[in-house]
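J.: One structure, pasted below without further comment.
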Amino acid sequence: MTSPDEPARPPIWSRPARGQRGPAPSHSRDEIVAAAIAVADADGIGAVSMRAVAAALHTGAGSLYRYLSSRDDLLDLMVDRAAGELCPYPEAGDDWLDTMLLLARRQLDLYRRHSWLVAVLPRPTAPGPQSLAWFDHCLSVLRPVPAATTTKFEAIAMMTGVTSLFARQETAAPPVGFTGIDLAAYPNLAAAITDPSPSAPRDLFATTVRSVLRGLLVDDAG
């Protein structure tokens, strides 16, 4: 991380794939990123270090610095490589909301395959080309919607946030519950817990995504 007095480094996407000095490369940047994703998928994002990735490639950690300046560079490349798995994008149909829901489901499937993504995405960093392509496609789907551009940006960001929350919930420990807690002082909570009426089955993910997008892009359009 740079200090406020240091000039910001250009994003990894605008830098050469490897440094100009040193011996001829034994691995490509793509191979390094693939190895890092394999480590994260197997052992979590905390296990991803330059040393661990180098070990997976049977090389020394120092050799990776010919391609990357830091672990942050590596994380940026991992996120963008994963975003490429969202391709091919679904074509916009007659109902933009249906298409956006399909895009959100693809995101959810991606987060299920690479659960470490939900921990890495909030990092303040420049988006890569695959991430930008996905965002661009979302905007193309929303082209018929008469909402402000800033509102569309917000809607796409909220859709991603909701999707990541659902993905995080799937891998979280079960809730503790209210066993052993005296609920006498909380009559509404006690009544809700003891309510015998079953809830109707529904697709909560679809309902939430549709509600968020419709609320931002349609209900508030005026």
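Chain lettering (A, B, ...) mirrors the order of the structure tokens, residue numbering begins at 1 for each chain separately, and ligand numbering begins at 1 in order of display.
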List as an MDAnalysis selection string the protein and nucleic acid residues near range 156-164 of chain A, meaning an atom at most 7 Å away when only C-alpha atoms are counted, but skip any in the same chain fewer than 2 places from it.

T.: chainID A and resid 104 107:108 118 152:154 166:168 209

J.: Write out as a ChimeraX atom specification all residues of range 60-134 of chain A that DSSP puts in alpha helix (DSSP H) for this structure's backbone.

T.: /A:61-64,71-83,96-113,117-120,129-134

J.: Set the distance at 8 Å and use only C-alpha atoms: which residues neighbour Arg210 in chain A once local chain neighbours fewer than 4 positions away are removed? I'd like the list as a list in words.

T.: Leu97, Leu101, Ala206 and Arg214 of chain A

J.: Keeping only N, CA and C atoms, take the residues you just selected and write them out as a PDB file, in the first residue's frame.

T.:
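Printed below is again.pdb as written:
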```pdb
ATOM      1  N   LEU A  97     -35.578  -7.033 -16.636  1.00  0.00           N
ATOM      2  CA  LEU A  97     -35.470  -7.521 -15.267  1.00  0.00           C
ATOM      3  C   LEU A  97     -35.147  -9.017 -15.241  1.00  0.00           C
ATOM      4  N   LEU A 101     -31.746 -10.617 -13.617  1.00  0.00           N
ATOM      5  CA  LEU A 101     -31.804 -11.712 -12.642  1.00  0.00           C
ATOM      6  C   LEU A 101     -30.929 -12.873 -13.093  1.00  0.00           C
ATOM      7  N   ALA A 206     -34.385 -14.506  -5.980  1.00  0.00           N
ATOM      8  CA  ALA A 206     -35.039 -13.831  -7.107  1.00  0.00           C
ATOM      9  C   ALA A 206     -35.921 -12.688  -6.613  1.00  0.00           C
ATOM     10  N   ARG A 214     -36.102  -3.224  -9.198  1.00  0.00           N
ATOM     11  CA  ARG A 214     -37.335  -2.508  -9.520  1.00  0.00           C
ATOM     12  C   ARG A 214     -37.477  -1.265  -8.671  1.00  0.00           C
TER      13      ARG A 214
END
```

J.: Give me the residues near Arg81 in chain A as a count of residues only, where near means some atom within 10 Å (using only C-alpha atoms) and where sequence neighbours in that chain fewer than 5 positions away do not count.

T.: 11

J.: Can you pull out every residue within 8 Å of Leu57 in chain A, counting only C-alpha atoms, but drop anything in the same chain fewer than 3 positions away, and send it as a list in words?

T.: Ile32, Ala35, Val53 and Ala54 of chain A

J.: Residues at most 12 Å from Glu85 in chain A, counting only C-alpha atoms, excluding those fewer than 4 positions away in the same chain, as a PyMOL selection string?

T.: chain A and resi 78-81+89+103+106-111+113-114+130-131+133-134

J.: Between A:Asn188, A:Thr151, A:Ser140, A:Thr171, which has the minimum distance to Val212 in chain A (counting only C-alpha atoms)?

T.: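 Residue with the minimum atom-to-atom distance to Val212 in chain A: A:Thr151.
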
J.: What's the separation between CA of Gly44 in chain A and CA of Trp116 in chain A, in Å to one decimal place?

T.: 6.0 Å

J.: Closest to Pro124 in chain A among A:Asp195, A:Asp182, A:Asp72, A:Asp41, using only C-alpha atoms?

T.: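 Between A:Asp195, A:Asp182, A:Asp72, A:Asp41, the residue approaching Pro124 in chain A most closely is A:Asp72.
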
J.: My list of candidates is A:Ala148, A:Leu64, A:Ala36, A:Ala52. Which is closest to Ala82 in chain A when distances are computed with only C-alpha atoms?

T.: A:Ala36

J.: From the set A:Leu183, A:Ala40, A:Ala56, A:Ile45, which residue has the shortest atom-to-atom contact distance to His27 in chain A, counting only C-alpha atoms?

T.: A:Ala56
